[in-house]
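The data block below is input_16.cif; it holds mmCIF, C-alpha atoms.
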```
data_start
loop_
_atom_site.label_atom_id
_atom_site.label_comp_id
_atom_site.auth_asym_id
_atom_site.auth_seq_id
_atom_site.Cartn_x
_atom_site.Cartn_y
_atom_site.Cartn_z
CA LEU N 1 98.97 62.28 123.07
CA TYR N 2 98.70 59.23 125.35
CA ARG N 3 101.29 56.76 126.64
CA LEU N 4 100.90 53.22 127.97
CA ASP N 5 103.71 51.76 130.11
CA PHE N 6 104.12 48.05 129.26
CA ASP N 7 106.58 47.55 132.12
CA GLN N 8 103.78 47.85 134.66
CA ASP N 9 101.32 45.02 135.19
CA GLU N 10 98.30 47.29 135.66
CA SER N 11 99.28 50.23 133.53
CA GLU N 12 96.71 52.78 132.38
CA TRP N 13 96.85 55.26 129.54
CA GLN N 14 98.44 58.53 130.64
CA ILE N 15 98.18 61.91 128.89
CA VAL N 16 101.71 63.11 128.11
CA GLN N 17 100.83 66.06 125.86
CA SER N 18 97.56 67.92 125.44
CA PRO N 19 96.76 69.25 122.95
CA PHE N 20 99.01 67.59 120.41
CA ALA N 21 97.60 66.97 116.92
CA GLY N 22 94.59 69.27 117.19
CA ASP N 23 91.28 68.52 115.50
CA SER N 24 92.49 66.89 112.28
CA PRO N 25 92.90 63.11 111.82
CA SER N 26 96.58 62.18 112.07
CA VAL N 27 98.92 59.23 111.66
CA LEU N 28 101.66 58.59 114.25
CA TYR N 29 105.06 56.96 113.96
CA GLY N 30 108.12 56.67 116.16
CA TYR N 31 111.60 57.83 115.21
CA ASP N 32 115.07 57.20 116.66
CA ASN N 33 113.65 55.70 119.89
CA ARG N 34 113.03 59.24 121.03
CA TYR N 35 110.52 61.12 118.91
CA VAL N 36 106.83 60.67 118.20
CA CYS N 37 105.92 62.19 114.84
CA ALA N 38 102.49 63.00 113.44
CA LEU N 39 101.17 64.04 110.04
CA ASP N 40 97.59 65.25 109.77
CA THR N 41 95.25 65.42 106.78
CA ALA N 42 95.82 69.16 106.43
CA GLY N 43 99.54 68.62 105.82
CA ARG N 44 100.77 69.62 109.27
CA PHE N 45 103.87 67.78 110.58
CA LEU N 46 104.58 67.56 114.34
CA ARG N 47 107.47 66.02 116.27
CA TYR N 48 107.26 65.37 120.02
CA ASP N 49 110.47 64.79 121.97
CA THR N 50 109.78 62.15 124.66
CA ARG N 51 112.82 63.30 126.68
CA ASP N 52 112.11 66.99 127.15
CA GLY N 53 108.56 67.42 125.80
CA GLU N 54 109.60 69.80 123.00
CA ILE N 55 107.17 70.00 120.06
CA ILE N 56 108.27 71.09 116.59
CA GLU N 57 105.53 71.95 114.11
CA HIS N 58 105.80 72.56 110.36
CA GLN N 59 103.15 73.13 107.70
CA LEU N 60 103.90 71.21 104.52
CA ASP N 61 103.15 72.77 101.15
CA SER N 62 100.57 71.07 98.94
CA TYR N 63 101.96 69.65 95.71
CA GLY N 64 100.51 67.65 92.84
CA GLN N 65 97.05 67.58 91.36
CA MET N 66 94.09 68.45 93.55
CA ASP N 67 90.78 66.79 92.74
CA THR N 68 87.35 68.37 93.06
CA HIS N 69 84.59 67.66 95.57
CA CYS N 70 82.82 70.99 94.99
CA LEU N 71 83.07 73.93 92.60
CA CYS N 72 82.08 77.59 92.41
CA VAL N 73 82.82 79.60 89.25
CA VAL N 74 82.80 83.37 89.86
CA ARG N 75 83.04 85.06 86.48
CA GLN N 76 82.75 88.58 87.90
CA ILE N 77 86.18 88.23 89.51
CA GLY N 78 87.59 85.82 86.93
CA LYS N 79 88.15 82.95 89.36
CA ALA N 80 86.96 79.43 90.03
CA PHE N 81 87.18 77.87 93.48
CA GLY N 82 87.04 74.24 94.47
CA GLY N 83 87.75 71.86 97.31
CA PRO N 84 89.36 68.40 97.15
CA TYR N 85 88.18 65.36 99.03
CA ILE N 86 88.96 64.70 102.73
CA ASN N 87 91.87 67.10 103.41
CA GLN N 88 89.82 70.22 104.32
CA ARG N 89 91.65 72.47 101.85
CA PHE N 90 90.54 74.57 98.91
CA TRP N 91 92.02 76.02 95.73
CA LYS N 92 91.50 78.70 93.10
CA ILE N 93 92.01 78.87 89.32
CA ASP N 94 92.38 82.02 87.24
CA LEU N 95 89.83 81.67 84.43
CA GLU N 96 91.92 83.70 81.98
CA THR N 97 95.34 82.12 82.45
CA GLY N 98 94.35 78.69 83.77
CA ASN N 99 96.87 79.03 86.59
CA GLY N 100 95.81 77.69 89.96
CA ARG N 101 97.09 77.31 93.48
CA ASP N 102 96.25 75.67 96.78
CA LEU N 103 94.81 78.12 99.32
CA GLY N 104 95.35 76.01 102.44
CA ARG N 105 92.87 75.04 105.13
CA ALA N 106 89.26 76.00 104.50
CA ALA N 107 87.41 74.89 107.66
CA PRO N 108 87.92 73.33 111.11
CA GLY N 109 88.31 69.62 111.76
CA GLY N 110 88.73 66.75 109.36
CA GLY N 111 86.69 66.17 106.24
CA GLN N 112 86.18 68.45 103.26
CA ILE N 113 84.25 71.34 101.78
CA CYS N 114 81.03 69.95 100.31
CA CYS N 115 79.30 73.09 98.97
CA MET N 116 80.32 76.57 97.78
CA VAL N 117 78.39 79.67 96.69
CA TRP N 118 79.40 83.26 95.95
CA ASP N 119 77.86 86.10 97.97
CA GLU N 120 77.83 89.23 95.84
CA ALA N 121 76.92 91.61 98.68
CA THR N 122 79.98 90.78 100.78
CA ALA N 123 82.20 89.64 97.86
CA ARG N 124 82.94 86.47 99.81
CA LEU N 125 83.08 82.79 98.92
CA ILE N 126 80.75 80.94 101.30
CA MET N 127 81.73 77.32 102.03
CA ALA N 128 80.08 74.53 104.03
CA SER N 129 82.15 71.67 105.41
CA TYR N 130 81.87 68.10 106.64
CA THR N 131 82.37 66.85 109.45
CA THR N 132 81.29 69.78 111.65
CA CYS N 133 78.72 71.39 109.32
CA THR N 134 80.57 74.68 109.69
CA VAL N 135 80.07 77.57 107.27
CA THR N 136 83.16 79.65 106.48
CA ALA N 137 83.67 82.85 104.47
CA PHE N 138 86.69 83.68 102.28
CA ASP N 139 87.73 87.10 101.01
CA PRO N 140 89.59 86.55 97.71
CA ASP N 141 91.09 90.06 97.86
CA ALA N 142 93.00 89.24 101.07
CA PRO N 143 95.72 86.63 101.62
CA ALA N 144 94.49 83.13 102.46
CA ALA N 145 95.45 82.49 106.08
CA TRP N 146 93.22 80.18 108.12
CA PRO N 147 91.55 80.85 110.58
CA ASP N 148 91.43 84.57 109.72
CA ASN N 149 90.71 84.14 106.01
CA PRO N 150 88.68 82.05 105.53
CA ARG N 151 86.98 82.57 108.88
CA VAL N 152 84.12 80.77 110.58
CA LEU N 153 80.85 82.48 109.68
CA ALA N 154 78.40 80.05 111.33
CA VAL N 155 78.18 76.63 112.96
CA ILE N 156 74.92 74.88 112.12
CA GLY N 157 74.88 72.64 115.22
CA HIS N 158 71.79 70.57 116.07
CA GLU N 159 73.69 67.31 115.36
CA GLN N 160 74.24 68.33 111.72
CA MET N 161 77.35 66.87 110.10
CA ARG N 162 77.38 66.77 106.29
CA PRO N 163 76.32 69.62 103.98
CA MET N 164 74.27 68.14 101.13
CA ASP N 165 73.46 71.14 98.93
CA MET N 166 73.55 74.93 99.10
CA VAL N 167 71.88 77.75 97.12
CA HIS N 168 71.78 81.54 97.31
CA ASP N 169 68.52 83.50 96.99
CA GLY N 170 70.22 86.89 96.54
CA ARG N 171 70.05 87.73 100.25
CA TYR N 172 70.43 84.51 102.23
CA VAL N 173 72.27 81.23 101.79
CA TRP N 174 70.18 78.06 102.17
CA LEU N 175 71.81 74.81 103.27
CA ALA N 176 70.54 71.23 103.30
CA SER N 177 72.40 68.98 105.72
CA SER N 178 72.60 65.45 107.03
CA PRO N 179 72.93 64.64 110.77
CA GLN N 180 75.75 62.83 112.48
CA TYR N 181 76.20 59.11 112.00
CA GLY N 182 73.63 57.10 113.93
CA HIS N 183 71.03 59.89 113.79
CA LEU N 184 68.02 60.62 111.61
CA GLY N 185 66.50 63.91 110.58
CA GLY N 186 68.58 66.39 108.65
CA ALA N 187 67.97 70.13 108.54
CA LEU N 188 67.25 73.06 106.28
CA SER N 189 69.13 76.16 107.38
CA ARG N 190 69.10 79.81 106.33
CA ILE N 191 72.40 81.64 106.85
CA ASP N 192 72.87 85.41 106.72
CA PRO N 193 76.22 85.96 104.91
CA LYS N 194 76.69 89.32 106.62
CA SER N 195 75.97 88.47 110.26
CA GLY N 196 76.28 84.67 110.29
CA GLU N 197 72.83 84.36 111.86
CA VAL N 198 71.28 80.91 111.33
CA ARG N 199 67.59 79.94 111.18
CA LEU N 200 67.16 76.18 111.20
CA TRP N 201 64.32 73.75 110.49
CA ARG N 202 65.23 70.31 111.85
CA HIS N 203 63.09 67.35 110.78
CA LEU N 204 61.47 69.29 107.96
CA ILE N 205 59.88 65.90 107.37
CA PRO N 206 60.22 63.72 110.52
CA ASP N 207 63.31 61.48 110.40
CA GLU N 208 64.08 62.37 106.78
CA LYS N 209 67.06 64.31 105.50
CA PRO N 210 67.20 66.85 102.66
CA ASN N 211 69.63 65.86 99.91
CA SER N 212 69.11 68.52 97.21
CA LEU N 213 67.79 72.05 96.66
CA VAL N 214 66.35 73.90 93.67
CA LEU N 215 65.35 77.54 94.05
CA ASP N 216 62.62 79.19 91.96
CA LYS N 217 63.17 82.91 92.51
CA SER N 218 60.01 83.86 90.64
CA SER N 219 57.69 81.98 93.01
CA ARG N 220 60.01 82.40 96.02
CA LEU N 221 59.81 78.66 96.60
CA LEU N 222 62.72 76.43 97.56
CA TYR N 223 62.21 72.85 96.40
CA VAL N 224 63.75 70.19 98.62
CA GLY N 225 64.41 66.54 97.80
CA MET N 226 64.24 64.20 100.80
CA GLU N 227 65.37 60.67 101.64
CA ILE N 228 64.65 58.33 104.53
CA TYR N 229 68.20 57.08 105.07
CA ALA N 230 70.72 57.99 107.75
CA ASP N 231 74.15 59.11 106.61
CA GLY N 232 76.05 55.99 105.57
CA ASN N 233 73.00 53.89 106.54
CA SER N 234 74.35 54.19 110.07
CA THR N 235 70.98 53.56 111.74
CA PRO N 236 67.74 52.00 110.46
CA ALA N 237 65.20 54.26 108.77
CA THR N 238 61.89 54.83 110.57
CA GLN N 239 60.00 56.24 107.58
CA LYS N 240 58.83 54.31 104.53
CA THR N 241 58.18 57.09 102.01
CA ALA N 242 60.40 60.00 101.00
CA LYS N 243 58.64 63.33 100.42
CA LEU N 244 59.08 66.33 98.17
CA VAL N 245 58.86 69.74 99.84
CA ALA N 246 58.24 73.24 98.51
CA PHE N 247 59.38 75.72 101.18
CA ASP N 248 58.22 79.35 101.12
CA ILE N 249 61.39 81.39 101.73
CA ASP N 250 59.45 84.55 102.63
CA ASN N 251 56.86 83.13 105.02
CA LEU N 252 59.35 80.48 106.23
CA GLU N 253 56.97 77.55 106.04
CA ILE N 254 56.22 74.50 103.94
CA ARG N 255 53.86 75.50 101.13
CA TYR N 256 53.52 72.06 99.50
CA GLN N 257 54.63 68.52 100.15
CA GLN N 258 54.10 65.50 97.95
CA ASN N 259 54.62 61.75 97.65
CA ILE N 260 55.77 60.37 94.33
CA ARG N 261 54.90 56.79 95.24
CA ASP N 262 54.54 54.96 98.54
CA ASP N 263 57.78 52.97 98.26
CA ALA N 264 59.98 55.83 97.03
CA THR N 265 62.78 56.16 99.58
CA ALA N 266 65.07 58.81 98.05
CA LEU N 267 63.99 61.75 95.88
CA ARG N 268 66.38 64.29 94.38
CA VAL N 269 65.24 67.61 92.92
CA LEU N 270 67.21 68.39 89.76
CA ALA N 271 65.92 71.52 88.04
CA MET N 272 63.03 73.89 87.37
CA LEU N 273 61.54 73.29 83.93
CA PRO N 274 60.26 76.12 81.69
CA SER N 275 56.74 74.77 82.29
CA GLY N 276 57.01 75.59 85.99
CA LYS N 277 57.29 71.92 86.92
CA VAL N 278 60.16 70.42 88.90
CA LEU N 279 62.33 67.63 87.50
CA ILE N 280 62.78 64.81 90.04
CA LEU N 281 65.06 61.77 90.18
CA ASP N 282 63.65 58.87 92.20
CA GLY N 283 66.48 56.65 93.43
CA THR N 284 64.99 53.81 95.46
CA GLU N 285 68.26 52.77 97.13
CA GLY N 286 69.47 56.25 97.94
CA PHE N 287 72.19 58.28 96.27
CA THR N 288 75.95 58.40 96.60
CA TRP N 289 78.37 61.01 95.27
CA HIS N 290 78.87 59.01 92.09
CA ILE N 291 75.73 56.90 91.63
CA ARG N 292 72.49 58.64 90.68
CA MET N 293 70.17 56.32 88.81
CA GLY N 294 66.46 55.65 88.98
CA THR N 295 63.25 57.04 87.53
CA LEU N 296 62.64 60.60 86.34
CA TRP N 297 59.42 62.41 87.23
CA THR N 298 57.98 65.88 86.86
CA TRP N 299 56.06 67.48 89.71
CA ASP N 300 53.71 70.41 89.42
CA PRO N 301 53.25 71.60 93.03
CA ARG N 302 50.41 73.91 92.02
CA ASP N 303 47.99 71.03 91.45
CA GLY N 304 49.97 68.04 92.72
CA THR N 305 50.32 66.48 89.26
CA ILE N 306 53.17 64.01 88.84
CA GLU N 307 54.26 62.42 85.56
CA ASN N 308 56.51 59.38 85.14
CA LEU N 309 59.13 60.04 82.45
CA GLY N 310 60.76 56.60 82.66
CA GLN N 311 64.03 55.24 83.96
CA VAL N 312 67.46 56.61 83.16
CA SER N 313 69.70 53.90 81.76
CA GLU N 314 72.98 55.61 82.68
CA ASN N 315 74.30 57.61 85.60
CA LEU N 316 72.71 61.06 85.74
CA GLY N 317 75.02 63.65 87.26
CA ASP N 318 74.68 67.39 87.62
CA VAL N 319 72.08 69.43 85.75
CA ALA N 320 72.41 73.11 84.77
CA ILE N 321 69.99 75.58 83.14
CA GLY N 322 71.24 77.92 80.41
CA PRO N 323 70.13 81.55 79.97
CA ASP N 324 67.95 80.43 77.05
CA GLY N 325 66.17 77.86 79.21
CA HIS N 326 67.97 74.87 77.71
CA ILE N 327 68.85 72.14 80.20
CA TYR N 328 72.32 70.57 80.22
CA ALA N 329 73.19 67.37 82.06
CA ALA N 330 76.13 65.08 82.71
CA TYR N 331 74.66 61.79 81.53
CA GLY N 332 76.82 58.69 81.28
CA LYS N 333 80.00 59.58 79.39
CA ASN N 334 78.55 62.66 77.70
CA ILE N 335 77.47 66.21 78.34
CA CYS N 336 73.94 66.32 76.93
CA THR N 337 71.04 68.63 76.38
CA LEU N 338 67.98 67.37 78.21
CA ALA N 339 64.50 67.83 76.79
CA VAL N 340 61.26 67.02 78.62
CA ASP N 341 57.72 66.73 77.32
CA ASP N 342 54.66 65.50 79.17
CA THR N 343 55.49 61.82 78.86
CA LYS N 344 59.20 61.31 78.23
CA VAL N 345 62.69 62.72 78.55
CA SER N 346 65.42 62.68 75.92
CA PHE N 347 69.18 63.23 76.11
CA LYS N 348 71.10 64.61 73.11
CA PRO N 349 74.90 64.26 73.45
CA ILE N 350 76.83 67.42 72.60
CA LEU N 351 80.22 66.54 74.07
CA ALA N 352 81.83 63.17 74.82
CA THR N 353 83.75 62.95 78.10
CA GLY N 354 85.63 59.70 77.42
CA ASN N 355 85.93 57.21 80.25
CA GLN N 356 84.90 59.70 82.93
CA GLN N 357 81.72 61.58 83.73
CA GLY N 358 81.62 65.36 83.76
CA GLN N 359 80.89 66.82 87.18
CA PHE N 360 79.82 70.08 88.83
CA LEU N 361 78.15 71.66 85.78
CA GLN N 362 77.77 75.44 86.08
CA ILE N 363 76.74 77.98 83.45
CA ARG N 364 78.17 81.49 83.73
CA ASN N 365 77.85 84.23 81.09
CA GLY N 366 77.00 81.80 78.30
CA THR N 367 79.80 79.35 79.13
CA LEU N 368 79.35 75.85 80.53
CA TYR N 369 82.01 74.96 83.09
CA TYR N 370 82.52 71.39 84.27
CA VAL N 371 85.15 69.20 85.90
CA LEU N 372 86.61 66.18 84.13
CA GLY N 373 89.11 64.21 86.20
CA ASN N 374 91.58 66.78 87.56
CA GLU N 375 90.73 69.43 84.97
CA LEU N 376 88.34 72.36 84.95
CA ARG N 377 86.96 72.75 81.44
CA ALA N 378 84.85 75.41 79.70
CA MET N 379 82.58 75.20 76.66
CA PRO N 380 80.92 78.27 75.10
CA LEU N 381 77.23 77.63 74.49
CA ASP N 382 76.70 80.04 71.59
#
```

Translate the structure of the given file into structure tokens.
Amino acid sequence: LYRLDFDQDESEWQIVQSPFAGDSPSVLYGYDNRYVCALDTAGRFLRYDTRDGEIIEHQLDSYGQMDTHCLCVVRQIGKAFGGPYINQRFWKIDLETGNGRDLGRAAPGGGQICCMVWDEATARLIMASYTTCTVTAFDPDAPAAWPDNPRVLAVIGHEQMRPMDMVHDGRYVWLASSPQYGHLGGALSRIDPKSGEVRLWRHLIPDEKPNSLVLDKSSRLLYVGMEIYADGNSTPATQKTAKLVAFDIDNLEIRYQQNIRDDATALRVLAMLPSGKVLILDGTEGFTWHIRMGTLWTWDPRDGTIENLGQVSENLGDVAIGPDGHIYAAYGKNICTLAVDDTKVSFKPILATGNQQGQFLQIRNGTLYYVLGNELRAMPLD
């Protein structure tokens, strides 16, 4: 906390209290010509007494609806977990009763949880957060009490800032991340959920960042969508063409890489098709959280064949694969089945979502879970 004395002609900022508000963004206001108060994005209230330096701190409870920026449904324990936008908290919902509650802080610093996966071996929820690209682990059988539970499992480092996507191969967690503002070249990381050890591949493709991951456990290949843009377009791109990457998770090396077309600048991997091909969305102007439009392609990395399936006319959100191999997608204002042949793609609506798009599609034990507005919904697929 700094102070500037306006009564002096050449006054400089002086530190009057350090630390004060910690590592979360805060707003300040004065009260009663004596106190400086602060409220941070994690709901922590502080009051500093300018006369005697006393600090009072109080954690406010979280009330009201909590939106969803990520989701992880864990049927084996009957819970769903999610994280809202920008306040670095997380929540849980009981899948049987529908009751939910805020679990408090999930990670250090400001920002939010961007990705979640369940680690069966440790029975922990693994979370990756913006703005510090920190990975935390939560034990749902113990009380939620940051920073002990969840606790920091790993810090990715290497200028990485925003988790983009995360998958679990049964042993390790794989994370795609974007670097800090003003930097190029994201990273692919492998995190050991037991030890927290991190293996990192920065600049998998020079000056490009990974934005999506699809794992094919049968071939032991991790497919990575890349884009040329910096986070928030915060510095000019140096590359002209985004690449597709197939990464061998056993030999820890790139097995295949491919161009779709020379002027493709952002490629997102969506799903493995029953044919062994990968479904790709080519978004020439990059992707945001809510805008994913462009041209669909299939890629067969075995022989480098690519097929243009045409443009999508509506926003294409999350894609999920059912146990029977059927593909489900949030497309426009519907949940659809998605069918692909060699030359085209078709969407068959099975559920209307009104004025909002379904998000965070996940299939568990024959049930499709998705988020609509502030609600977690479930639809049996049989």

Near-region 118-124 of chain N list (8 Å; only C-alpha atoms; drop same-chain fewer than 2 positions) as a PyMOL selection string: chain N and resi 72+74+116+126+137-140+168+170+193-194

Closest-contact table, region 119-203 of chain N side, partner region 87-99 of chain N, 12 Å, counting all atoms listed in the file, as a Markdown table:
```
| residue | atom | partner | partner_atom | distance |
| --- | --- | --- | --- | --- |
| N:Leu125 | CA | N:Lys92 | CA | 11.0 |
| N:Ile126 | CA | N:Phe90 | CA | 11.9 |
| N:Met127 | CA | N:Phe90 | CA | 9.7 |
| N:Ala128 | CA | N:Gln88 | CA | 10.7 |
| N:Ser129 | CA | N:Gln88 | CA | 7.9 |
| N:Tyr130 | CA | N:Gln88 | CA | 8.5 |
| N:Thr131 | CA | N:Gln88 | CA | 9.7 |
| N:Thr132 | CA | N:Gln88 | CA | 11.3 |
| N:Thr134 | CA | N:Gln88 | CA | 11.6 |
| N:Thr136 | CA | N:Phe90 | CA | 11.7 |
| N:Phe138 | CA | N:Phe90 | CA | 10.4 |
| N:Pro140 | CA | N:Lys92 | CA | 9.3 |
| N:Ala144 | CA | N:Phe90 | CA | 10.1 |
| N:Ala145 | CA | N:Arg89 | CA | 11.5 |
| N:Trp146 | CA | N:Arg89 | CA | 10.1 |
| N:Asn149 | CA | N:Phe90 | CA | 11.9 |
| N:Pro150 | CA | N:Phe90 | CA | 10.2 |
```

Would you list the residues near (70.9, 65.0, 83.5), meaning any protein, DNA or RNA residue with an atom at most 9 Å from that point in file coordinates, counting only C-alpha atoms, as a PyMOL selection string? chain N and resi 270+315-320+327-332+335-338+347

As JSON, please report the centre and edge lengths, rounded to one decimal in Å, of the axis-aligned box that holds all listed atoms of region 372-379 of chain N with 8 Å of padding on each of the six sides.
```
{"center_x": 87.1, "center_y": 69.8, "center_z": 82.1, "size_x": 25.0, "size_y": 27.2, "size_z": 26.9}
```

In Å to one decimal, how far is CA of Asp141 (chain N) from CA of Ile363 (chain N)?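 Distance between the two atoms: 23.7 Å.
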
For the file shown, what are the residues hit by the PyMOL selection byres ((chain N and resi 295) around 9), laid out as a ChimeraX atom specification? /N:280-284,293-294,296-297,308-312

Would you mind reading off the distance between CA of Phe247 (chain N) and CA of Ala230 (chain N), one decimal, in Å? 22.0 Å

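Reported to one decimal place, the separation of CA of Leu381 (chain N) from CA of Asp324 (chain N) is 10.0 Å.
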
Applied to the shown file, which residues does the PyMOL selection byres ((chain N and resi 224) around 6) return, written as a PDB file with C-alpha atoms, in the coordinates of the input?
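Done, and the output landed in expr31.pdb:
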```
ATOM      1  CA  SER N 212      69.110  68.520  97.210  1.00  0.00           C
ATOM      2  CA  LEU N 213      67.790  72.050  96.660  1.00  0.00           C
ATOM      3  CA  TYR N 223      62.210  72.850  96.400  1.00  0.00           C
ATOM      4  CA  GLY N 225      64.410  66.540  97.800  1.00  0.00           C
ATOM      5  CA  VAL N 245      58.860  69.740  99.840  1.00  0.00           C
TER       6      VAL N 245
END
```

Write out as a PyMOL selection string which residues come within 6 Å of Leu368 (chain N) when counting only C-alpha atoms, dropping same-chain ones fewer than 6 positions away. chain N and resi 362+378-379
